[in-house]
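Peer 1: The structure file upload25.pdb (PDB, C-alpha atoms) is provided below.
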ATOM      1  CA  ILE O 169     262.442 -20.815 170.576
ATOM      2  CA  VAL O 170     265.400 -21.081 172.909
ATOM      3  CA  ARG O 171     266.614 -24.211 171.175
ATOM      4  CA  ARG O 172     266.315 -22.557 167.782
ATOM      5  CA  HIS O 173     268.298 -19.583 169.035
ATOM      6  CA  ARG O 174     270.953 -21.879 170.436
ATOM      7  CA  THR O 175     271.119 -23.819 167.171
ATOM      8  CA  SER O 176     271.448 -20.589 165.204
ATOM      9  CA  ALA O 177     274.188 -19.420 167.513
ATOM     10  CA  ILE O 178     276.056 -22.686 167.050
ATOM     11  CA  HIS O 179     275.655 -22.472 163.281
ATOM     12  CA  CYS O 180     276.846 -18.869 163.298
ATOM     13  CA  THR O 181     279.861 -19.836 165.380
ATOM     14  CA  MET O 182     280.682 -22.685 163.007
ATOM     15  CA  ARG O 183     280.375 -20.372 160.007
ATOM     16  CA  ARG O 184     282.630 -17.824 161.683
ATOM     17  CA  ALA O 185     285.162 -20.536 162.481
ATOM     18  CA  ALA O 186     285.078 -21.819 158.898
ATOM     19  CA  THR O 187     285.403 -18.295 157.511
ATOM     20  CA  THR O 188     288.274 -17.579 159.873
ATOM     21  CA  ALA O 189     290.033 -20.769 158.824
ATOM     22  CA  ILE O 190     289.664 -19.847 155.153
ATOM     23  CA  ALA O 191     290.921 -16.340 155.854
ATOM     24  CA  LEU O 192     293.902 -17.690 157.765
ATOM     25  CA  ARG O 193     294.797 -20.070 154.949
ATOM     26  CA  ARG O 194     294.437 -17.245 152.424
ATOM     27  CA  THR O 195     296.595 -14.938 154.539
ATOM     28  CA  ALA O 196     299.250 -17.605 155.024
ATOM     29  CA  SER O 197     299.334 -18.163 151.284
ATOM     30  CA  LEU O 198     299.776 -14.458 150.614
ATOM     31  CA  ARG O 199     302.450 -13.978 153.288
ATOM     32  CA  ARG O 200     304.727 -16.319 151.365
ATOM     33  CA  TYR O 201     304.842 -13.720 148.587
ATOM     34  CA  ALA O 202     304.881 -10.604 150.756
ATOM     35  CA  HIS O 203     308.381  -9.561 149.701
ATOM     36  CA  THR O 204     308.563 -10.870 146.138
ATOM     37  CA  ALA O 205     308.276  -8.918 142.913
ATOM     38  CA  THR O 206     305.341 -10.983 141.633
ATOM     39  CA  VAL O 207     302.331 -11.343 143.907
ATOM     40  CA  PRO O 208     299.509 -13.779 143.062
ATOM     41  CA  LEU O 209     296.064 -12.621 144.140
ATOM     42  CA  VAL O 210     293.422 -14.870 145.622
ATOM     43  CA  ASP O 211     291.910 -15.635 142.210
ATOM     44  CA  GLY O 212     295.295 -16.446 140.676
ATOM     45  CA  VAL O 213     295.985 -13.176 138.861
ATOM     46  CA  ALA O 214     299.717 -12.366 138.966
ATOM     47  CA  PHE O 215     301.485  -9.088 138.392
ATOM     48  CA  ALA O 216     304.775  -7.257 138.871
ATOM     49  CA  PRO O 217     304.556  -3.964 140.822
ATOM     50  CA  PRO O 218     306.083  -0.922 139.104
ATOM     51  CA  ALA O 219     309.538   0.257 140.121
ATOM     52  CA  PRO O 220     309.696   2.949 142.844
ATOM     53  CA  LYS O 221     310.173   5.861 140.461
ATOM     54  CA  LEU O 222     308.722   9.325 139.897
ATOM     55  CA  PHE O 223     307.361  10.223 136.464
ATOM     56  CA  ILE O 224     308.779  13.675 135.714
ATOM     57  CA  ASP O 225     309.359  15.381 132.374
ATOM     58  CA  GLY O 226     308.241  12.323 130.432
ATOM     59  CA  GLU O 227     310.502   9.763 132.089
ATOM     60  CA  PHE O 228     310.801   7.694 135.243
ATOM     61  CA  VAL O 229     313.444   9.015 137.624
ATOM     62  CA  ASP O 230     314.651   8.280 141.141
ATOM     63  CA  ALA O 231     313.350  10.347 144.052
ATOM     64  CA  SER O 232     315.662  12.249 146.352
ATOM     65  CA  ASP O 233     314.442  10.451 149.476
ATOM     66  CA  PRO O 234     314.402   6.691 150.222
ATOM     67  CA  PRO O 235     311.333   4.810 148.934
ATOM     68  CA  LEU O 236     308.300   3.980 151.071
ATOM     69  CA  ASP O 237     307.121   0.418 151.720
ATOM     70  CA  ILE O 238     303.647  -0.530 150.504
ATOM     71  CA  VAL O 239     301.698  -2.791 152.845
ATOM     72  CA  THR O 240     298.795  -4.716 151.366
ATOM     73  CA  PRO O 241     295.587  -4.861 153.462
ATOM     74  CA  ARG O 242     295.091  -8.395 152.185
ATOM     75  CA  CYS O 243     297.736  -9.880 154.474
ATOM     76  CA  GLY O 244     299.562  -7.031 156.197
ATOM     77  CA  GLY O 245     302.793  -7.767 154.350
ATOM     78  CA  VAL O 246     305.077  -5.462 152.381
ATOM     79  CA  PHE O 247     304.727  -6.322 148.702
ATOM     80  CA  ALA O 248     306.116  -3.264 146.894
ATOM     81  CA  SER O 249     307.604   0.187 147.378
ATOM     82  CA  ILE O 250     306.966   3.635 145.954
ATOM     83  CA  ALA O 251     309.116   6.684 145.395
ATOM     84  CA  ASN O 252     309.076   9.220 148.222
ATOM     85  CA  ALA O 253     309.142  12.664 146.606
ATOM     86  CA  SER O 254     310.934  15.482 148.383
ATOM     87  CA  HIS O 255     310.201  19.216 148.088
ATOM     88  CA  ALA O 256     312.928  19.398 145.454
ATOM     89  CA  ASP O 257     311.284  16.582 143.478
ATOM     90  CA  VAL O 258     307.943  18.393 143.561
ATOM     91  CA  ASP O 259     309.645  21.549 142.325
ATOM     92  CA  ARG O 260     311.178  19.572 139.456
ATOM     93  CA  ALA O 261     307.753  18.238 138.468
ATOM     94  CA  VAL O 262     306.108  21.661 138.645
ATOM     95  CA  ASP O 263     308.939  23.311 136.706
ATOM     96  CA  SER O 264     308.661  20.672 133.992
ATOM     97  CA  ALA O 265     304.890  21.091 133.792
ATOM     98  CA  ARG O 266     305.232  24.885 133.607
ATOM     99  CA  ALA O 267     307.890  24.663 130.897
ATOM    100  CA  CYS O 268     305.650  22.385 128.829
ATOM    101  CA  PHE O 269     302.706  24.723 129.264
ATOM    102  CA  ASP O 270     304.657  27.858 128.424
ATOM    103  CA  ALA O 271     306.153  26.220 125.347
ATOM    104  CA  GLY O 272     302.654  25.401 124.088
ATOM    105  CA  THR O 273     303.612  21.819 123.288
ATOM    106  CA  TRP O 274     300.256  20.647 124.612
ATOM    107  CA  ALA O 275     298.356  23.818 125.471
ATOM    108  CA  ASP O 276     298.494  25.257 121.947
ATOM    109  CA  LEU O 277     297.049  22.144 120.333
ATOM    110  CA  ALA O 278     293.429  22.312 119.267
ATOM    111  CA  PRO O 279     291.023  20.221 121.390
ATOM    112  CA  GLU O 280     290.602  17.921 118.389
ATOM    113  CA  GLU O 281     294.351  17.306 118.388
ATOM    114  CA  ARG O 282     294.495  16.515 122.110
ATOM    115  CA  ALA O 283     291.552  14.100 121.998
ATOM    116  CA  PRO O 284     293.374  11.213 120.227
ATOM    117  CA  VAL O 285     296.002  11.136 122.991
ATOM    118  CA  LEU O 286     293.296  10.718 125.621
ATOM    119  CA  ARG O 287     291.692   7.979 123.557
ATOM    120  CA  ARG O 288     295.031   6.172 123.288
ATOM    121  CA  MET O 289     295.405   6.376 127.078
ATOM    122  CA  ALA O 290     291.959   4.793 127.399
ATOM    123  CA  ALA O 291     292.895   2.054 124.934
ATOM    124  CA  GLY O 292     296.172   1.396 126.755
ATOM    125  CA  LEU O 293     294.342   1.014 130.042
ATOM    126  CA  ARG O 294     291.761  -1.341 128.553
ATOM    127  CA  ALA O 295     294.558  -3.483 127.113
ATOM    128  CA  ARG O 296     296.162  -3.775 130.571
ATOM    129  CA  ARG O 297     292.923  -3.830 132.563
ATOM    130  CA  ASP O 298     293.554  -7.049 134.492
ATOM    131  CA  GLU O 299     297.112  -6.036 135.376
ATOM    132  CA  PHE O 300     296.022  -2.623 136.653
ATOM    133  CA  ALA O 301     293.090  -4.168 138.531
ATOM    134  CA  ALA O 302     295.290  -6.781 140.211
ATOM    135  CA  ILE O 303     297.684  -4.119 141.463
ATOM    136  CA  GLU O 304     294.820  -1.874 142.590
ATOM    137  CA  ALA O 305     293.214  -4.731 144.502
ATOM    138  CA  MET O 306     296.444  -5.642 146.228
ATOM    139  CA  ASP O 307     297.341  -2.017 146.912
ATOM    140  CA  CYS O 308     294.150  -0.831 148.618
ATOM    141  CA  GLY O 309     292.521  -4.137 149.539
ATOM    142  CA  LYS O 310     289.392  -3.990 147.413
ATOM    143  CA  PRO O 311     287.865  -7.068 145.681
ATOM    144  CA  ILE O 312     289.372  -7.820 142.300
ATOM    145  CA  GLU O 313     286.039  -7.537 140.480
ATOM    146  CA  GLU O 314     285.460  -4.079 141.909
ATOM    147  CA  ALA O 315     288.969  -3.083 140.851
ATOM    148  CA  ARG O 316     288.258  -4.274 137.300
ATOM    149  CA  ALA O 317     285.079  -2.203 137.234
ATOM    150  CA  ASP O 318     287.111   0.802 138.408
ATOM    151  CA  MET O 319     289.546   0.339 135.516
ATOM    152  CA  ASP O 320     286.649   0.282 133.061
ATOM    153  CA  CYS O 321     285.355   3.536 134.551
ATOM    154  CA  CYS O 322     288.791   5.132 134.250
ATOM    155  CA  ALA O 323     288.989   4.252 130.565
ATOM    156  CA  ASP O 324     285.471   5.618 130.121
ATOM    157  CA  PHE O 325     286.533   8.917 131.721
ATOM    158  CA  PHE O 326     289.407   9.365 129.276
ATOM    159  CA  GLU O 327     287.072   8.690 126.352
ATOM    160  CA  TYR O 328     284.393  10.982 127.778
ATOM    161  CA  TYR O 329     286.722  13.973 128.051
ATOM    162  CA  ALA O 330     288.254  13.205 124.668
ATOM    163  CA  GLU O 331     284.773  13.667 123.238
ATOM    164  CA  LEU O 332     283.745  16.562 125.489
ATOM    165  CA  GLY O 333     286.787  18.753 124.874
ATOM    166  CA  PRO O 334     286.209  19.426 121.173
ATOM    167  CA  LYS O 335     282.538  20.163 121.877
ATOM    168  CA  GLU O 336     282.918  22.511 124.836
ATOM    169  CA  LEU O 337     286.128  24.354 123.999
ATOM    170  CA  GLN O 338     285.104  25.942 120.719
ATOM    171  CA  PRO O 339     284.896  29.752 120.390
ATOM    172  CA  GLU O 340     281.459  30.977 121.401
ATOM    173  CA  ALA O 341     279.710  34.042 119.960
ATOM    174  CA  LEU O 342     278.248  36.352 122.623
ATOM    175  CA  ASP O 343     275.266  38.656 122.368
ATOM    176  CA  VAL O 344     276.161  42.257 123.179
ATOM    177  CA  PRO O 345     273.806  45.260 123.325
ATOM    178  CA  GLU O 346     275.927  47.535 121.110
ATOM    179  CA  GLU O 347     274.902  47.485 117.467
ATOM    180  CA  GLY O 348     277.624  46.448 115.080
ATOM    181  CA  VAL O 349     279.826  44.986 117.793
ATOM    182  CA  GLU O 350     280.781  41.319 117.716
ATOM    183  CA  ALA O 351     282.077  39.484 120.772
ATOM    184  CA  THR O 352     283.580  36.023 120.942
ATOM    185  CA  LEU O 353     284.419  33.987 124.023
ATOM    186  CA  PHE O 354     287.614  31.942 123.753
ATOM    187  CA  LYS O 355     288.247  29.195 126.325
ATOM    188  CA  GLU O 356     291.951  28.824 126.952
ATOM    189  CA  PRO O 357     294.021  26.462 129.147
ATOM    190  CA  TYR O 358     294.589  27.830 132.637
ATOM    191  CA  GLY O 359     298.093  26.584 133.384
ATOM    192  CA  VAL O 360     299.569  23.925 135.669
ATOM    193  CA  VAL O 361     296.991  21.972 137.664
ATOM    194  CA  GLY O 362     297.902  20.300 140.962
ATOM    195  CA  CYS O 363     295.918  17.122 141.662
ATOM    196  CA  ILE O 364     295.897  15.640 145.195
ATOM    197  CA  THR O 365     294.038  12.353 145.500
ATOM    198  CA  PRO O 366     293.041   9.895 148.293
ATOM    199  CA  TRP O 367     293.687   6.184 148.703
ATOM    200  CA  ASN O 368     290.283   4.529 148.347
ATOM    201  CA  PHE O 369     289.871   4.765 144.540
ATOM    202  CA  PRO O 370     293.503   5.426 143.610
ATOM    203  CA  LEU O 371     293.417   5.486 139.827
ATOM    204  CA  MET O 372     289.830   6.661 139.456
ATOM    205  CA  GLN O 373     290.375   9.656 141.735
ATOM    206  CA  ALA O 374     293.453  10.531 139.696
ATOM    207  CA  VAL O 375     291.818  10.147 136.297
ATOM    208  CA  VAL O 376     288.769  12.286 137.121
ATOM    209  CA  LYS O 377     291.189  15.154 137.797
ATOM    210  CA  VAL O 378     293.940  14.506 135.266
ATOM    211  CA  ALA O 379     291.717  13.705 132.257
ATOM    212  CA  PRO O 380     289.703  16.965 132.226
ATOM    213  CA  ALA O 381     292.840  18.992 132.920
ATOM    214  CA  LEU O 382     294.579  17.431 129.929
ATOM    215  CA  ALA O 383     291.498  17.776 127.733
ATOM    216  CA  ALA O 384     291.464  21.494 128.546
ATOM    217  CA  GLY O 385     295.116  21.835 127.511
ATOM    218  CA  CYS O 386     296.565  22.207 130.997
ATOM    219  CA  SER O 387     299.640  20.495 132.376
ATOM    220  CA  ALA O 388     299.000  18.336 135.465
ATOM    221  CA  VAL O 389     301.081  17.390 138.488
ATOM    222  CA  LEU O 390     299.589  14.433 140.357
ATOM    223  CA  LYS O 391     300.228  13.798 144.054
ATOM    224  CA  PRO O 392     298.471  10.511 144.973
ATOM    225  CA  SER O 393     298.113   9.034 148.440
ATOM    226  CA  PRO O 394     301.252   7.323 149.800
ATOM    227  CA  VAL O 395     298.952   4.591 151.148
ATOM    228  CA  ALA O 396     297.870   3.321 147.711
ATOM    229  CA  SER O 397     299.292   4.845 144.545
ATOM    230  CA  LEU O 398     300.889   2.135 142.412
ATOM    231  CA  THR O 399     298.386   2.434 139.547
ATOM    232  CA  CYS O 400     298.943   6.193 139.593
ATOM    233  CA  VAL O 401     302.631   5.515 138.922
ATOM    234  CA  MET O 402     301.575   3.305 136.024
ATOM    235  CA  LEU O 403     299.449   6.154 134.687
ATOM    236  CA  GLY O 404     302.747   7.689 133.611
ATOM    237  CA  GLU O 405     303.395   4.625 131.454
ATOM    238  CA  LEU O 406     300.049   5.091 129.714
ATOM    239  CA  ALA O 407     300.789   8.777 129.141
ATOM    240  CA  ALA O 408     304.192   8.084 127.588
ATOM    241  CA  GLU O 409     302.880   5.291 125.389
ATOM    242  CA  ALA O 410     299.979   7.476 124.202
ATOM    243  CA  GLY O 411     302.322  10.243 123.105
ATOM    244  CA  LEU O 412     301.579  12.844 125.783
ATOM    245  CA  PRO O 413     304.351  15.482 125.629
ATOM    246  CA  ALA O 414     306.954  15.522 128.407
ATOM    247  CA  GLY O 415     305.886  17.759 131.271
TER
END
Kindly transcribe the structure held in the file into structure tokens.
Peer 2:
Amino acid sequence: IVRRHRTSAIHCTMRRAATTAIALRRTASLRRYAHTATVPLVDGVAFAPPAPKLFIDGEFVDASDPPLDIVTPRCGGVFASIANASHADVDRAVDSARACFDAGTWADLAPEERAPVLRRMAAGLRARRDEFAAIEAMDCGKPIEEARADMDCCADFFEYYAELGPKELQPEALDVPEEGVEATLFKEPYGVVGCITPWNFPLMQAVVKVAPALAAGCSAVLKPSPVASLTCVMLGELAAEAGLPAG
């Protein structure tokens, strides 16, 4: 029994040493690209991180403050940067969202008219699934296959709310006790929605808040985690390409 334990311990030590050697080689390979615009992942997927911009009023703009470095958990190196929004930048985003809402550019559309935009956002994400997944994996350190599954879920969420909105937002007749009185419940957009999301599922946490808000006709201001938010920046690209109104 003692010999078997010793043998197992030796084997475990050898496996740890081999794993460590592989990890060191992988880390050394990644460090070579820690400050370049294109970063190959372990499985060979390459991508270019988005520019450090804020997406406000339908376009990408510079932030007032200097950008923040993004450090990948895969090797501890800086591989990108993100815009660092100031209080003034947040005010600009909120003002734009409020102006869009008050103008009715999005809020006054029928749910059936908003749904195609959400479906186009889903289609745009599916078309760029591997690119988004590669950036997500590098940004927050998760395995690439898990990141791909997350992108599929995000596209599913957009499609789900595109279908749910027209079903749930129709006028609803209410029963009232008074004879001869008719009552109807109308579900209207609330206004500007602020979405604050964590780092561990960057895009998914954003989509599960942004998609229902948009389906309901609200404007949304997204504040993702500064630790991992590159795909959230790219969400603005999907919105613009899908025809979401500015704001």
Peer 1: Taking the file as shown, what set of residues would the PyMOL selection byres ((chain O and resi 404-413) around 8) give back, as a list in words?
Peer 2: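 For this structure, the PyMOL selection byres ((chain O and resi 404-413) around 8) captures Phe223, Gly226, Glu227, Cys268, Thr273, Trp274, Val285, Leu286, Arg288, Met289, Gly292, Leu293, Cys400, Val401, Met402, Leu403, Ala414 and Gly415 of chain O.
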Peer 1: Name the residues that the PyMOL selection byres ((chain O and resi 390) around 9) picks from the file above, as a list in words, using the file's chain letters and numbers.
Peer 2: Val361, Gly362, Cys363, Ile364, Thr365, Ala374, Lys377, Val378, Ala388, Val389, Lys391, Pro392 and Cys400 of chain O
Peer 1: Figure out the distance between CA of Val258 in chain O and CA of Ala315 in chain O, please, to one decimal in Å.
Peer 2: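 If I compute the distance from CA of Ala315 in chain O to CA of Val258 in chain O, I get 28.8 Å.
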Peer 1: Just how far from CA of Phe354 in chain O is CA of Ala383 in chain O, in Å to one decimal?
Peer 2: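 Separation between CA of Ala383 in chain O and CA of Phe354 in chain O: 15.2 Å.
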Peer 1: For Ser393 in chain O, work out the shell of residues within 7 Å, counting only C-alpha atoms and skipping chain neighbours fewer than 2 positions away, then give it as a ChimeraX atom specification.
Peer 2: /O:365-367,391,395-397
Peer 1: Select from range 342-368 of chain O every residue with an atom at most 12 Å from any atom of range 317-338 of chain O, then for each give the shortest pair of atoms and their distance in Å to one decimal, using all atoms listed in the file, rows by chain and rising number, as CSV.
Peer 2:
residue,atom,partner,partner_atom,distance
O:Thr352,CA,O:Gln338,CA,10.2
O:Leu353,CA,O:Gln338,CA,8.7
O:Phe354,CA,O:Gln338,CA,7.2
O:Lys355,CA,O:Leu337,CA,5.8
O:Glu356,CA,O:Leu337,CA,7.9
O:Pro357,CA,O:Leu337,CA,9.7
O:Asn368,CA,O:Asp318,CA,11.1
Peer 1: Would you be able to write out as a list of chain:residue names which residues have an atom within 9 Å of (290.8, -7.1, 149.1) in the file's coordinates, counting all atoms listed in the file?
Peer 2: O:Val210, O:Thr240, O:Pro241, O:Arg242, O:Ala305, O:Met306, O:Asp307, O:Cys308, O:Gly309, O:Lys310, O:Pro311, O:Ile312
Peer 1: Need to verify the contact set: Lys221 in chain O, 6 Å, only C-alpha atoms, exclusion of same-chain residues closer than 3 positions in sequence. Can you return it as a PyMOL selection string?
Peer 2: chain O and resi 228-230+251
Peer 1: Using C-alpha atoms, can you export the residues from the last selection as a JSON list (two decimals), in the coordinates of the input?
Peer 2:
[["chain", "number", "residue", "atom", "x", "y", "z"],
["O", 228, "PHE", "CA", 310.80, 7.69, 135.24],
["O", 229, "VAL", "CA", 313.44, 9.02, 137.62],
["O", 230, "ASP", "CA", 314.65, 8.28, 141.14],
["O", 251, "ALA", "CA", 309.12, 6.68, 145.40]]
Peer 1: Interatomic distance between CA of Ala271 in chain O and CA of Ala291 in chain O?
Peer 2: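 So the answer is 27.6 Å.
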Peer 1: Convert the output of the PyMOL selection byres ((chain O and resi 264) around 10) on the shown file into explicit residues, formatted as a PyMOL selection string.
Peer 2: chain O and resi 224-226+258-263+265-270+360+387+389+414-415
